[in-house]
Structure formats: structure tokens, C-alpha cells
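Raw target03.txt, compact mmCIF, C-alpha atoms and all ligand atoms:
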# COMPACT_ATOMS: atom_id res chain seq x y z
CA MET L 1 -22.73 -6.61 -10.48
CA LYS L 2 -20.57 -3.70 -9.37
CA TYR L 3 -20.58 -4.69 -5.70
CA ALA L 4 -21.37 -1.15 -4.63
CA SER L 5 -24.50 0.61 -5.97
CA GLU L 6 -26.58 -2.59 -5.57
CA PHE L 7 -25.96 -2.40 -1.84
CA ARG L 8 -27.17 1.21 -1.59
CA ASP L 9 -30.70 0.66 -2.93
CA SER L 10 -33.16 2.75 -0.90
CA ARG L 11 -36.14 0.46 -1.53
CA LEU L 12 -34.26 -2.53 -0.14
CA ALA L 13 -33.03 -0.36 2.74
CA ARG L 14 -36.63 0.49 3.66
CA GLY L 15 -37.45 -3.22 3.73
CA LEU L 16 -34.59 -3.95 6.12
CA ILE L 17 -35.45 -0.97 8.32
CA SER L 18 -39.07 -2.05 8.66
CA LYS L 19 -37.96 -5.59 9.49
CA ILE L 20 -35.72 -4.20 12.24
CA GLU L 21 -38.59 -2.01 13.52
CA ARG L 22 -40.90 -4.99 13.69
CA SER L 23 -38.50 -7.30 15.50
CA SER L 24 -36.69 -4.95 17.90
CA ARG L 25 -38.28 -4.90 21.37
CA THR L 26 -35.36 -4.80 23.80
CA PRO L 27 -33.29 -1.61 24.05
CA VAL L 28 -29.82 -2.54 22.80
CA ARG L 29 -26.38 -0.99 22.43
CA PHE L 30 -24.27 -2.21 19.55
CA MET L 31 -20.66 -1.17 19.12
CA GLU L 32 -19.04 -0.80 15.74
CA PHE L 33 -15.39 -1.70 16.31
CA CYS L 34 -14.22 -0.16 13.07
CA GLY L 35 -13.80 3.55 12.34
CA SER L 36 -14.82 2.98 8.72
CA HIS L 37 -18.15 1.67 10.00
CA THR L 38 -18.58 4.84 12.06
CA VAL L 39 -17.98 6.86 8.90
CA ALA L 40 -20.50 4.78 6.90
CA ILE L 41 -23.12 4.97 9.67
CA PHE L 42 -22.88 8.76 9.70
CA ARG L 43 -22.54 9.20 5.93
CA TYR L 44 -25.71 7.21 5.23
CA GLY L 45 -27.61 8.58 8.21
CA ILE L 46 -28.14 5.12 9.66
CA ARG L 47 -28.51 6.24 13.28
CA GLN L 48 -31.50 8.36 12.28
CA VAL L 49 -33.37 5.54 10.54
CA LEU L 50 -32.95 2.93 13.26
CA PRO L 51 -35.72 2.52 15.85
CA LYS L 52 -35.21 4.18 19.23
CA THR L 53 -34.48 0.80 20.78
CA VAL L 54 -31.20 0.50 18.85
CA THR L 55 -28.18 2.59 19.82
CA THR L 56 -24.84 2.32 18.05
CA LEU L 57 -21.58 3.49 19.56
CA SER L 58 -18.12 3.86 18.10
CA GLY L 59 -15.26 1.65 19.18
CA PRO L 60 -11.48 1.70 19.13
CA GLY L 61 -10.97 0.50 15.55
CA CYS L 62 -9.01 3.38 14.10
CA PRO L 63 -5.32 2.51 13.86
CA ILE L 64 -4.15 6.10 13.75
CA CYS L 65 -6.31 7.07 16.73
CA VAL L 66 -5.07 4.28 18.98
CA THR L 67 -1.38 4.88 18.30
CA ALA L 68 0.18 6.03 21.57
CA ASN L 69 2.13 9.27 21.82
CA ALA L 70 5.24 7.31 22.79
CA ASP L 71 5.13 5.64 19.35
CA LEU L 72 4.40 8.87 17.51
CA ASP L 73 7.36 10.51 19.29
CA LYS L 74 9.59 7.65 18.17
CA ALA L 75 8.59 8.14 14.53
CA ILE L 76 9.16 11.87 14.79
CA ALA L 77 12.62 11.32 16.34
CA LEU L 78 13.43 8.87 13.55
CA ALA L 79 12.34 11.27 10.84
CA ARG L 80 14.70 13.88 12.28
CA ILE L 81 17.76 11.65 11.81
CA PRO L 82 19.74 12.98 8.83
CA ASN L 83 19.78 10.58 5.92
CA VAL L 84 16.45 9.01 6.89
CA ILE L 85 13.45 9.09 4.58
CA MET L 86 10.25 8.42 6.49
CA ALA L 87 7.57 6.86 4.30
CA SER L 88 4.12 7.17 5.82
CA PHE L 89 0.44 6.87 4.97
CA GLY L 90 -0.97 10.39 4.67
CA ASP L 91 -3.24 10.69 7.70
CA VAL L 92 -0.42 10.01 10.15
CA LEU L 93 1.48 13.19 9.27
CA ARG L 94 -0.88 15.56 11.03
CA VAL L 95 -1.31 13.53 14.22
CA PRO L 96 0.18 15.48 17.10
CA GLY L 97 2.73 13.57 19.18
CA SER L 98 3.80 14.87 22.60
CA TYR L 99 5.47 17.99 21.25
CA THR L 100 5.23 18.11 17.46
CA SER L 101 4.01 16.17 14.42
CA LEU L 102 5.63 14.52 11.40
CA GLN L 103 4.17 17.30 9.29
CA ALA L 104 5.85 19.96 11.41
CA VAL L 105 9.26 18.29 11.32
CA ARG L 106 8.85 17.90 7.57
CA ALA L 107 8.33 21.66 7.32
CA GLU L 108 11.59 22.00 9.25
CA GLY L 109 13.39 19.93 6.63
CA ALA L 110 12.93 16.27 7.60
CA ASP L 111 12.35 14.01 4.58
CA VAL L 112 8.86 12.63 5.20
CA ARG L 113 7.05 11.22 2.19
CA VAL L 114 3.41 10.28 1.83
CA ILE L 115 2.84 6.83 0.39
CA TYR L 116 -0.31 5.13 -0.79
CA SER L 117 1.03 1.59 -0.60
CA ALA L 118 3.89 -0.32 1.02
CA MET L 119 5.13 -0.90 -2.53
CA ASP L 120 5.80 2.86 -2.80
CA ALA L 121 8.20 2.68 0.15
CA LEU L 122 10.13 -0.13 -1.55
CA LYS L 123 10.43 2.00 -4.67
CA ILE L 124 11.75 4.93 -2.66
CA ALA L 125 14.36 2.63 -1.11
CA GLN L 126 15.41 1.30 -4.53
CA ASN L 127 15.72 4.84 -5.89
CA ASN L 128 17.65 6.21 -2.92
CA PRO L 129 20.42 3.68 -2.18
CA THR L 130 22.41 6.14 -0.05
CA LYS L 131 19.45 6.91 2.24
CA GLN L 132 17.73 4.82 4.92
CA VAL L 133 14.05 4.42 4.18
CA VAL L 134 11.75 3.74 7.14
CA LEU L 135 8.21 2.59 6.41
CA LEU L 136 5.74 3.49 9.13
CA GLY L 137 3.91 0.21 9.55
CA ILE L 138 0.49 1.05 10.89
CA GLY L 139 -2.83 -0.75 10.73
CA PHE L 140 -4.83 -3.72 11.88
CA GLU L 141 -5.01 -7.12 10.19
CA THR L 142 -6.21 -5.57 6.93
CA THR L 143 -2.96 -3.68 6.38
CA THR L 144 -0.38 -5.83 8.16
CA PRO L 145 -0.15 -8.53 5.45
CA THR L 146 0.70 -5.86 2.87
CA ILE L 147 3.58 -4.67 5.05
CA ALA L 148 4.69 -8.27 5.58
CA ALA L 149 4.67 -8.75 1.80
CA ALA L 150 6.84 -5.66 1.38
CA ILE L 151 9.34 -6.89 3.97
CA LEU L 152 9.61 -10.25 2.21
CA GLN L 153 10.12 -8.46 -1.09
CA ALA L 154 12.86 -6.31 0.46
CA GLU L 155 14.54 -9.50 1.61
CA GLN L 156 14.26 -11.03 -1.85
CA GLU L 157 15.77 -7.94 -3.42
CA SER L 158 18.48 -7.81 -0.72
CA LEU L 159 17.60 -4.22 0.14
CA THR L 160 19.86 -2.95 2.93
CA ASN L 161 18.35 0.52 3.29
CA PHE L 162 14.76 -0.42 4.13
CA SER L 163 13.16 -0.96 7.52
CA VAL L 164 9.74 -0.86 9.15
CA LEU L 165 8.67 0.84 12.37
CA SER L 166 5.89 -1.51 13.38
CA TRP L 167 2.84 -0.07 15.09
CA HIS L 168 0.72 -2.95 13.86
CA LYS L 169 -2.04 -4.05 16.15
CA LEU L 170 -4.46 -6.94 16.47
CA SER L 171 -8.18 -6.23 16.77
CA PRO L 172 -9.52 -9.16 18.85
CA PRO L 173 -7.24 -8.56 21.89
CA ALA L 174 -8.36 -4.91 21.96
CA MET L 175 -12.01 -5.96 21.96
CA LYS L 176 -11.23 -8.41 24.74
CA ALA L 177 -9.49 -5.73 26.83
CA LEU L 178 -12.40 -3.38 26.30
CA LEU L 179 -14.92 -5.98 27.45
CA ASP L 180 -12.75 -7.05 30.40
CA SER L 181 -12.49 -3.44 31.58
CA GLY L 182 -16.25 -3.43 32.17
CA ASP L 183 -16.37 0.21 31.03
CA VAL L 184 -19.11 -0.37 28.49
CA ALA L 185 -21.96 -2.86 28.44
CA LEU L 186 -22.66 -4.13 24.92
CA ASP L 187 -25.53 -6.14 23.49
CA GLY L 188 -23.86 -6.78 20.17
CA LEU L 189 -20.72 -6.21 18.16
CA ILE L 190 -20.61 -4.97 14.58
CA CYS L 191 -17.40 -6.73 13.58
CA PRO L 192 -15.00 -5.09 11.13
CA GLY L 193 -15.48 -6.31 7.56
CA HIS L 194 -12.05 -5.82 6.11
CA VAL L 195 -10.16 -7.02 9.18
CA SER L 196 -12.37 -10.12 8.97
CA ILE L 197 -11.52 -10.67 5.30
CA ILE L 198 -8.05 -11.50 6.60
CA THR L 199 -8.79 -13.07 10.01
CA GLY L 200 -12.02 -14.77 9.06
CA SER L 201 -15.19 -14.49 11.13
CA GLN L 202 -13.66 -17.12 13.42
CA ALA L 203 -11.63 -14.36 15.11
CA TRP L 204 -14.74 -13.14 16.94
CA GLU L 205 -15.99 -16.49 18.19
CA PHE L 206 -14.54 -16.02 21.68
CA ILE L 207 -16.70 -12.93 22.14
CA ALA L 208 -19.93 -14.78 21.43
CA ARG L 209 -18.82 -17.82 23.44
CA ASP L 210 -17.07 -16.27 26.47
CA TYR L 211 -18.99 -13.00 26.80
CA GLY L 212 -22.37 -14.04 25.40
CA ILE L 213 -22.35 -11.07 23.02
CA PRO L 214 -23.83 -11.51 19.53
CA CYS L 215 -21.30 -10.76 16.77
CA VAL L 216 -22.03 -9.99 13.13
CA VAL L 217 -19.36 -9.15 10.55
CA ALA L 218 -20.50 -6.29 8.32
CA GLY L 219 -19.50 -4.72 5.03
CA PHE L 220 -19.45 -0.97 4.50
CA GLU L 221 -22.44 -0.27 2.28
CA PRO L 222 -25.69 0.90 3.90
CA LEU L 223 -27.51 -2.40 3.21
CA ASP L 224 -24.59 -4.33 4.74
CA ILE L 225 -24.87 -2.36 7.95
CA LEU L 226 -28.67 -2.62 8.08
CA GLN L 227 -28.47 -6.37 7.52
CA CYS L 228 -25.91 -6.59 10.32
CA VAL L 229 -28.16 -4.64 12.72
CA ASP L 230 -31.10 -6.86 11.74
CA MET L 231 -29.09 -10.02 12.46
CA LEU L 232 -27.87 -8.65 15.79
CA VAL L 233 -31.42 -7.66 16.80
CA SER L 234 -32.66 -11.16 15.88
CA GLN L 235 -29.97 -12.77 17.99
CA VAL L 236 -30.83 -10.56 20.97
CA GLU L 237 -34.57 -11.16 20.64
CA ASN L 238 -34.01 -14.91 20.32
CA GLY L 239 -31.60 -15.00 23.25
CA VAL L 240 -28.64 -16.38 21.31
CA ALA L 241 -25.07 -15.20 20.86
CA LYS L 242 -23.14 -16.43 17.88
CA VAL L 243 -20.95 -15.17 15.06
CA GLU L 244 -22.68 -14.44 11.76
CA ILE L 245 -21.62 -12.75 8.55
CA ALA L 246 -23.56 -9.93 6.89
CA TYR L 247 -20.85 -9.57 4.25
CA ARG L 248 -20.78 -13.02 2.72
CA ARG L 249 -19.52 -11.84 -0.66
CA GLY L 250 -16.22 -10.86 0.98
CA VAL L 251 -15.78 -12.67 4.27
CA GLN L 252 -15.41 -16.37 5.04
CA HIS L 253 -15.15 -18.24 8.32
CA GLU L 254 -11.46 -19.05 7.94
CA GLY L 255 -10.31 -15.79 6.32
CA ASN L 256 -7.47 -15.22 3.88
CA THR L 257 -5.01 -17.96 4.78
CA VAL L 258 -2.36 -16.71 2.33
CA ALA L 259 -2.33 -13.34 4.08
CA GLN L 260 -2.40 -14.95 7.53
CA GLN L 261 0.63 -17.03 6.56
CA LEU L 262 2.59 -13.97 5.39
CA MET L 263 1.82 -12.12 8.61
CA GLU L 264 2.80 -15.13 10.66
CA THR L 265 6.11 -15.51 8.79
CA VAL L 266 7.27 -11.95 9.41
CA PHE L 267 5.58 -10.84 12.64
CA GLU L 268 5.08 -12.15 16.15
CA PRO L 269 2.72 -10.87 18.86
CA CYS L 270 4.03 -8.47 21.51
CA PRO L 271 2.50 -6.22 24.15
CA ALA L 272 1.36 -2.91 22.66
CA GLN L 273 0.34 0.43 24.07
CA TRP L 274 -3.06 1.71 22.93
CA ARG L 275 -4.18 5.27 23.38
CA GLY L 276 -6.83 5.25 26.09
CA MET L 277 -6.47 1.56 26.87
CA GLY L 278 -2.91 1.26 28.16
CA THR L 279 -0.73 -1.72 27.39
CA ILE L 280 -2.61 -4.77 26.17
CA PRO L 281 -0.76 -8.10 26.16
CA ALA L 282 -0.18 -9.78 22.79
CA SER L 283 -2.08 -7.04 20.98
CA GLY L 284 0.80 -5.70 18.91
CA LEU L 285 3.02 -7.19 16.24
CA LYS L 286 6.79 -6.88 16.03
CA LEU L 287 9.16 -8.28 13.45
CA ARG L 288 10.46 -11.74 14.21
CA PRO L 289 14.20 -11.91 15.08
CA GLU L 290 14.93 -13.44 11.64
CA TYR L 291 13.80 -10.15 10.11
CA GLY L 292 15.60 -7.97 12.68
CA ARG L 293 17.57 -6.17 9.98
CA PHE L 294 14.28 -4.76 8.69
CA ASP L 295 13.14 -3.68 12.15
CA ALA L 296 13.61 0.09 12.54
CA GLU L 297 13.66 -0.31 16.34
CA GLN L 298 16.80 -2.42 15.96
CA VAL L 299 18.41 -0.57 13.06
CA PHE L 300 18.22 2.79 14.83
CA ASP L 301 18.88 3.82 18.39
CA ILE L 302 15.89 6.00 19.17
CA ASP L 303 15.14 7.75 22.45
CA PRO L 304 12.39 10.30 22.04
CA GLY L 305 12.33 11.21 25.76
CA PRO L 306 9.29 11.57 28.00
CA THR L 307 5.80 11.71 26.53
CA ARG L 308 2.98 14.10 27.23
CA GLU L 309 -0.77 13.91 26.59
CA PRO L 310 -2.72 16.85 25.15
CA GLU L 311 -4.52 18.68 27.96
CA GLY L 312 -8.29 18.34 27.99
CA CYS L 313 -8.44 15.74 25.19
CA ILE L 314 -10.64 12.76 26.03
CA CYS L 315 -9.64 10.62 23.02
CA GLY L 316 -9.06 7.69 25.37
CA GLU L 317 -12.66 7.69 26.55
CA VAL L 318 -13.95 8.22 23.03
CA LEU L 319 -11.96 5.20 21.83
CA ARG L 320 -13.37 3.02 24.61
CA GLY L 321 -16.91 4.03 23.71
CA VAL L 322 -17.34 5.54 27.19
CA SER L 323 -17.94 9.10 25.97
CA PRO L 324 -19.06 10.45 22.60
CA PRO L 325 -16.81 13.15 21.09
CA VAL L 326 -19.40 15.85 21.85
CA ASP L 327 -18.69 15.33 25.57
CA CYS L 328 -15.19 16.68 25.05
CA PRO L 329 -15.06 20.34 26.13
CA LEU L 330 -12.64 21.06 23.28
CA PHE L 331 -14.80 19.49 20.54
CA GLY L 332 -15.59 21.94 17.77
CA LYS L 333 -14.25 24.87 19.80
CA VAL L 334 -10.51 24.47 20.22
CA CYS L 335 -10.32 21.12 18.45
CA HIS L 336 -11.46 20.84 14.84
CA PRO L 337 -10.00 19.29 11.70
CA GLU L 338 -7.86 22.35 10.92
CA ASN L 339 -6.48 22.39 14.45
CA PRO L 340 -6.67 18.83 15.77
CA VAL L 341 -5.75 18.53 19.43
CA GLY L 342 -6.01 14.75 19.52
CA ALA L 343 -5.54 11.91 17.06
CA CYS L 344 -9.29 11.19 16.83
CA MET L 345 -9.81 14.55 15.11
CA VAL L 346 -7.09 13.88 12.51
CA SER L 347 -7.83 10.52 11.03
CA SER L 348 -10.57 10.35 8.44
CA GLU L 349 -11.80 7.28 10.36
CA GLY L 350 -11.52 9.00 13.76
CA SER L 351 -14.73 9.39 15.77
CA CYS L 352 -14.16 13.07 16.54
CA PHE L 353 -13.47 13.86 12.88
CA THR L 354 -16.55 11.92 11.76
CA TYR L 355 -18.82 13.55 14.35
CA TYR L 356 -17.48 16.95 13.36
CA LEU L 357 -17.89 16.32 9.65
CA TYR L 358 -21.46 15.09 9.97
CA GLY L 359 -22.55 17.58 12.59
CA GLY L 360 -22.70 15.05 15.42
CA LYS L 361 -23.35 17.96 17.77
CA ASN L 362 -27.05 17.76 16.95
CA GLU L 363 -27.46 14.02 17.05
CA MET V 1 -5.97 4.96 5.32
CA CYS V 2 -8.32 2.03 5.94
CA VAL V 3 -10.15 2.50 2.67
CA ALA V 4 -10.71 -0.78 0.83
CA ILE V 5 -12.85 -0.82 -2.28
CA PRO V 6 -14.11 -3.21 -4.96
CA ALA V 7 -12.10 -3.13 -8.19
CA LEU V 8 -12.44 -5.05 -11.45
CA ILE V 9 -9.36 -6.91 -12.72
CA LYS V 10 -8.69 -5.98 -16.36
CA SER V 11 -5.35 -7.72 -16.91
CA ILE V 12 -2.70 -9.60 -14.95
CA ASP V 13 1.06 -9.54 -15.47
CA GLY V 14 2.87 -11.74 -12.96
CA GLN V 15 2.03 -10.51 -9.49
CA LEU V 16 0.60 -7.20 -10.65
CA ALA V 17 -2.87 -6.54 -12.04
CA GLN V 18 -4.42 -3.58 -13.75
CA VAL V 19 -7.69 -2.92 -11.99
CA GLU V 20 -10.50 -0.49 -12.62
CA ILE V 21 -12.04 1.49 -9.79
CA GLY V 22 -14.80 3.88 -10.80
CA GLY V 23 -13.44 4.27 -14.32
CA ILE V 24 -9.85 4.83 -13.17
CA THR V 25 -7.16 2.25 -13.84
CA GLN V 26 -4.74 1.39 -11.06
CA THR V 27 -2.14 -1.23 -10.31
CA ALA V 28 -2.93 -3.79 -7.63
CA ASN V 29 -0.57 -6.38 -6.19
CA LEU V 30 -2.09 -9.90 -6.17
CA GLN V 31 0.35 -11.49 -3.75
CA LEU V 32 -2.28 -11.84 -1.01
CA CYS V 33 -4.91 -13.02 -3.47
CA PRO V 34 -3.19 -15.40 -5.90
CA GLN V 35 -6.47 -17.03 -6.97
CA ALA V 36 -7.76 -13.81 -8.59
CA GLN V 37 -8.53 -13.96 -12.33
CA VAL V 38 -9.19 -11.40 -15.02
CA GLY V 39 -12.88 -10.40 -14.73
CA ASP V 40 -12.98 -10.93 -10.94
CA TYR V 41 -13.82 -8.16 -8.54
CA VAL V 42 -11.31 -7.83 -5.72
CA ILE V 43 -11.19 -5.68 -2.60
CA VAL V 44 -8.14 -3.43 -2.92
CA HIS V 45 -6.49 -1.97 0.16
CA THR V 46 -3.33 0.17 -0.03
CA GLY V 47 -2.45 -1.22 -3.44
CA TYR V 48 -2.97 -4.89 -2.58
CA ALA V 49 -5.94 -7.08 -3.45
CA ILE V 50 -6.98 -8.72 -0.17
CA ASN V 51 -9.79 -10.97 -1.41
CA THR V 52 -11.99 -11.76 -4.39
CA LEU V 53 -15.70 -10.96 -4.13
CA ASP V 54 -18.07 -13.88 -4.49
CA ARG V 55 -20.73 -13.18 -7.14
CA GLN V 56 -23.00 -16.02 -6.04
CA GLU V 57 -22.98 -14.89 -2.40
CA ALA V 58 -23.64 -11.29 -3.45
CA LYS V 59 -26.60 -12.41 -5.53
CA GLU V 60 -28.05 -14.52 -2.72
CA THR V 61 -27.74 -11.60 -0.29
CA LEU V 62 -29.53 -9.26 -2.70
CA ASP V 63 -32.26 -11.88 -3.30
CA LEU V 64 -32.75 -12.09 0.46
CA PHE V 65 -33.08 -8.29 0.64
CA GLU V 66 -35.69 -8.44 -2.16
CA ALA V 67 -37.70 -10.98 -0.20
CA ILE V 68 -37.50 -8.86 2.96
CA ALA V 69 -38.59 -5.76 1.03
CA ARG V 70 -41.57 -7.67 -0.42
CA VAL V 71 -42.72 -8.80 3.02
CA ALA V 72 -42.38 -5.23 4.32
CA GLN V 73 -44.44 -3.88 1.41
CA GLU V 74 -47.19 -6.44 1.95
CA GLU V 75 -47.41 -5.63 5.65
CA ASN V 76 -47.74 -1.90 5.06
S1 LIG W 401 -12.52 16.56 20.23
FE1 LIG W 401 -10.30 16.76 19.98
S2 LIG W 401 -9.50 17.07 22.01
FE2 LIG W 401 -11.58 16.25 22.23
S3 LIG W 401 -11.32 14.01 22.35
FE3 LIG W 401 -11.64 14.49 20.19
S4 LIG W 401 -9.55 14.73 19.41
FE4 LIG W 401 -9.38 14.86 21.62

Give the structure from the file, written as C-alpha cells.
Amino acid sequence: MKYASEFRDSRLARGLISKIERSSRTPVRFMEFCGSHTVAIFRYGIRQVLPKTVTTLSGPGCPICVTANADLDKAIALARIPNVIMASFGDVLRVPGSYTSLQAVRAEGADVRVIYSAMDALKIAQNNPTKQVVLLGIGFETTTPTIAAAILQAEQESLTNFSVLSWHKLSPPAMKALLDSGDVALDGLICPGHVSIITGSQAWEFIARDYGIPCVVAGFEPLDILQCVDMLVSQVENGVAKVEIAYRRGVQHEGNTVAQQLMETVFEPCPAQWRGMGTIPASGLKLRPEYGRFDAEQVFDIDPGPTREPEGCICGEVLRGVSPPVDCPLFGKVCHPENPVGACMVSSEGSCFTYYLYGGKNE
Amino acid sequence: MCVAIPALIKSIDGQLAQVEIGGITQTANLQLCPQAQVGDYVIVHTGYAINTLDRQEAKETLDLFEAIARVAQEEN
């Protein structure tokens, strides 16, 4: 068992597809919350093999895409402070803020370093005792525990030159805000697999219960996604709405309690601004006061000034599932991966990038 | 940045494990996944193992897919 190739078997895929074809009667719209699901759905051509009754649409689950310009501007202002080393995951560098990007200020001389793991940022701090290292904390529940672990390690090692700029966000409140807005009508939710490894499938129960929308947690291999669609279709056809798991090898009901505990120790919920969705209460995470000395917002006095949105970019609507990227007048013309106008064209999990890469124009 | 992939644990030294992903050896931190043992597959995200993969569950899922594929074949 390699936990990968087995779940890409085309014969088994055909079986699942024909089961879906046989059972699907009602036209349905399922949203995949997670950008990595959007990528997998396009990469494996899943939209093309599903019956006409089943439509999938992309949701807001791309942490880089939903980061507001105000936050990007803050990071850029921070990176410009002499003596600061900004440690960031790679994709973030090219995301345009209101006026410039981390990549551009790096070209002008700011010390911005690409990291693969929060552990790398700790190493940079240990190796550069005279510099202030700021880790750009970005991500949903999958990533947040790793940043929490790094902060606790910094505390243990009494590091005084390490802090985190927290953009961390929580997935369930975003889904709730999206449903409350009434912008999109959904018949089912493809719940994020790796977020759910941490939160457990329990995190989605309120959606089934309060909104009557079937929820199925899915993995990222083609058979995982087909199984998820099959389970959602069955729920719809049987008139039920509950939370199920199509990724049982990785996800449990209660989630990773060790990781939850770490997150809980270091972070507390706060309102957060989401691109396209405004400020959502208790949807962000900030460092608890006990860890204030590791909070970049408290360590530095940052005022990036007024923000600005890129003209013509409809990222906000794309993230809410209201419009597909191809509806954007800039898509593929002015905006493409070499010249991204909005965040959704930068991130490798962004809807615009994925549509562009897989020729979504012709879908 | 959200990439999270299955990796096989080859050895463990304290909180750090050597894991193999597609023939390449990497270091993974086990702090979020203290139950992981040598020989387990874990999901690794940004250098941290976030969960072990359950062999029994994986097998049952694949058996279910086999059964579904058989029914589909018979119907066609
Ligand atoms: S195509 Fe570009 S400009 Fe249009 S919504 Fe996507 S990122 Fe924004």
C-alpha cells in the first residue's frame, strides 16, 4: 500500500462513475471548499466524466487567495524595515498587494526568504541573532498547528528575534458566511480533506444540521473525489443531509486532538478580513496575549497606509463561487500566471491559475 | 503551499523522522503526530506529519471500490 497509485485506478474509477450515473437524477451543484480539490478535479478531468446532472464549483479555500490586500500591505511594509528578515512560503511572494509585492520589494533589497516549513524560519532566527525574523503565518487549520508548534519551540529556546504575522484563518466560519450571504445555492459540500485531518469531520456538522446541506470529506486522489461525489449524490437522492467521510484512511470524526491542543494554546479566534467576503467574525486566529512577544503586530509598529484593489479583478466573486474565472474580462488576456493581476492567478491552488493551467476557457 | 502528501517513515530520532516520499528522503517533524512509528505512512504538510494513514481503512475503501466496479461490469 502506497496510499497513492491505488486510488488512481481507472477501472475502479469507471465503476464509481457508472454508479454515479445510475443514481443521479436531480440536477445538483456541489462546491469544493478547498483549492487543492479544484486542482485535483481539473488535473484528473473529473468534471468531464461526471453526468450532466452534477456541477462542481470552486470555493474560497485557498489561503493565499483570500488574504486581504490590507494584510499583504502590512507584510510588505514589515519586509521593508531594515534589519527584518521576512520568512514566507513561496507562493505568497508574487501576490500583488495594493501597490507592490514581496517579490518586488525583495528585488529592491528587502530580505525576504522562501521557506518550506515553519522550522526553516526558526533556523534562520537562530542563525541571525542580530536580525528580527518574521514568519508569515498563513493557512487554514492544516498549517496553523505547525506554526503554533514553531512558536512554542521559539519560546522553549528563548528566541528573542522571532515573531509571526498571523493571517491564519478558520474554514468553517467562512463556509457559514458564504451560506448566510445567500449568494450561491448549494446541494452539497465537498469538505477539505487535510483541514479535516486536524478539525475532524465534526467541524462540518453544523452545515448538514442547520443548512440541510449534505457534507462529505474527501481526499485528493481521483477515486477519493469520485467516492465523495457518489456519497453526496446518494444523500441528495435519499433526501438526507449528514456528514460522511470519503477519506477514512486519513480523517476521523474528532480530528487530530494533539494539533487542536497546540493551536488552542497559542492562538485565539478574532475577526478576519477575507478577500471578497469582507470581515467575518471569529474567522481568524491571533496570538494569545501570553505569546504577545512573538506577535509581529505587537513587536512592530506597522502602518501600511490605505489599500487599493486591482481594477477589473473579480477575485472576490470567484472566491464566493458566484462567477467562474472565465467571466473575468482580464482572464487570460491581461491576467495570466506571468502577469497575475489578482491573488487567484498567483497561488497554485487559486481558481484562476487552475482554470488557466487546464484550459478552463473551453470547459 | 497546501500540498500534503503520504510519506513512509524510515527512522525516528526524537521528534524528527526521516521519511521517504517518491524515493526522496526528507525530514518530518512528528510533534503533531506523536503516535507515528517506523513503517507507518504519514501525511506530511510543510515539514510536519499531521496524521498517520490507516491501512485497514484504506483496504476497506479499496474493497468497496472493487465491489462497486464488479456491479458496474455486470450491469453493462
Ligand atoms: S483572472 Fe486575474 S484579474 Fe480576473 S479574477 Fe482572476 S486573478 Fe483577478

Discussion item. At a cut-off of 9 Å, which residues of chain V touch chain L? Count all atoms listed in the file and give the answer as a ChimeraX atom specification.
Written reply: /V:1-8,29,31-34,41-43,45-48,50-59,61-62,65-73

Practice prompt. List all protein, DNA and RNA residues that have any atom at most 6 Å from ligand LIG 401 (chain W), counting only C-alpha atoms and all ligand atoms, and write the list as a list in words.
Written response: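 My answer, listing the contacting residues, is Cys313, Ile314, Cys315, Pro325, Cys328, Leu330, Phe331, Cys335, Pro340, Val341, Gly342, Ala343, Cys344, Met345 and Cys352 of chain L.
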
Could those selected residues go to a file with C-alpha atoms, as a compact mmCIF listing (two decimals), in the frame of the given file?
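Below is the file part_22.txt, written as the result:
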# COMPACT_ATOMS: atom_id res chain seq x y z
CA CYS L 313 -8.44 15.74 25.19
CA ILE L 314 -10.64 12.76 26.03
CA CYS L 315 -9.64 10.62 23.02
CA PRO L 325 -16.81 13.15 21.09
CA CYS L 328 -15.19 16.68 25.05
CA LEU L 330 -12.64 21.06 23.28
CA PHE L 331 -14.80 19.49 20.54
CA CYS L 335 -10.32 21.12 18.45
CA PRO L 340 -6.67 18.83 15.77
CA VAL L 341 -5.75 18.53 19.43
CA GLY L 342 -6.01 14.75 19.52
CA ALA L 343 -5.54 11.91 17.06
CA CYS L 344 -9.29 11.19 16.83
CA MET L 345 -9.81 14.55 15.11
CA CYS L 352 -14.16 13.07 16.54

Practice prompt. Please check which residues have atoms at most 12 Å from (-16.5, -16.3, 18.1) in the file's coordinates, counting all atoms listed in the file, and write them as a VMD selection string.
Written response: chain L and resid 172 175 to 176 189 191 196 199 to 217 241 to 245 253 to 254

Fill in: Å distance separating CA of Glu21 in chain L from CA of Thr354 in chain L, one decimal place
26.1 Å

Edge lengths and centre in Å to one decimal, as JSON, of the axis-aligned box that encloses all listed atoms of range 25-32 of chain V with 4 Å added on every side?
{"center_x": -3.4, "center_y": -4.8, "center_z": -7.4, "size_x": 15.5, "size_y": 22.1, "size_z": 20.8}

Worksheet item: Between V:Leu64, V:Val38, V:Ala49, V:Ile24, which has the minimum distance to Ile12 in chain V (counting only C-alpha atoms)?
Response: V:Val38

Fill in: Point-to-point distance in Å for CA of Leu287 in chain L and CA of Glu268 in chain L
6.2 Å

Worksheet entry | Distance in Å - CA of Ser98 in chain L versus CA of Ala121 in chain L | 25.9 Å

Worksheet entry | Among the residues L:Cys65, L:Val322, L:Val299, L:Ala110, the one that comes closest to Phe162 in chain L [using only C-alpha atoms] |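 Once distances to Phe162 in chain L are computed over only C-alpha atoms, the minimum belongs to L:Val299.
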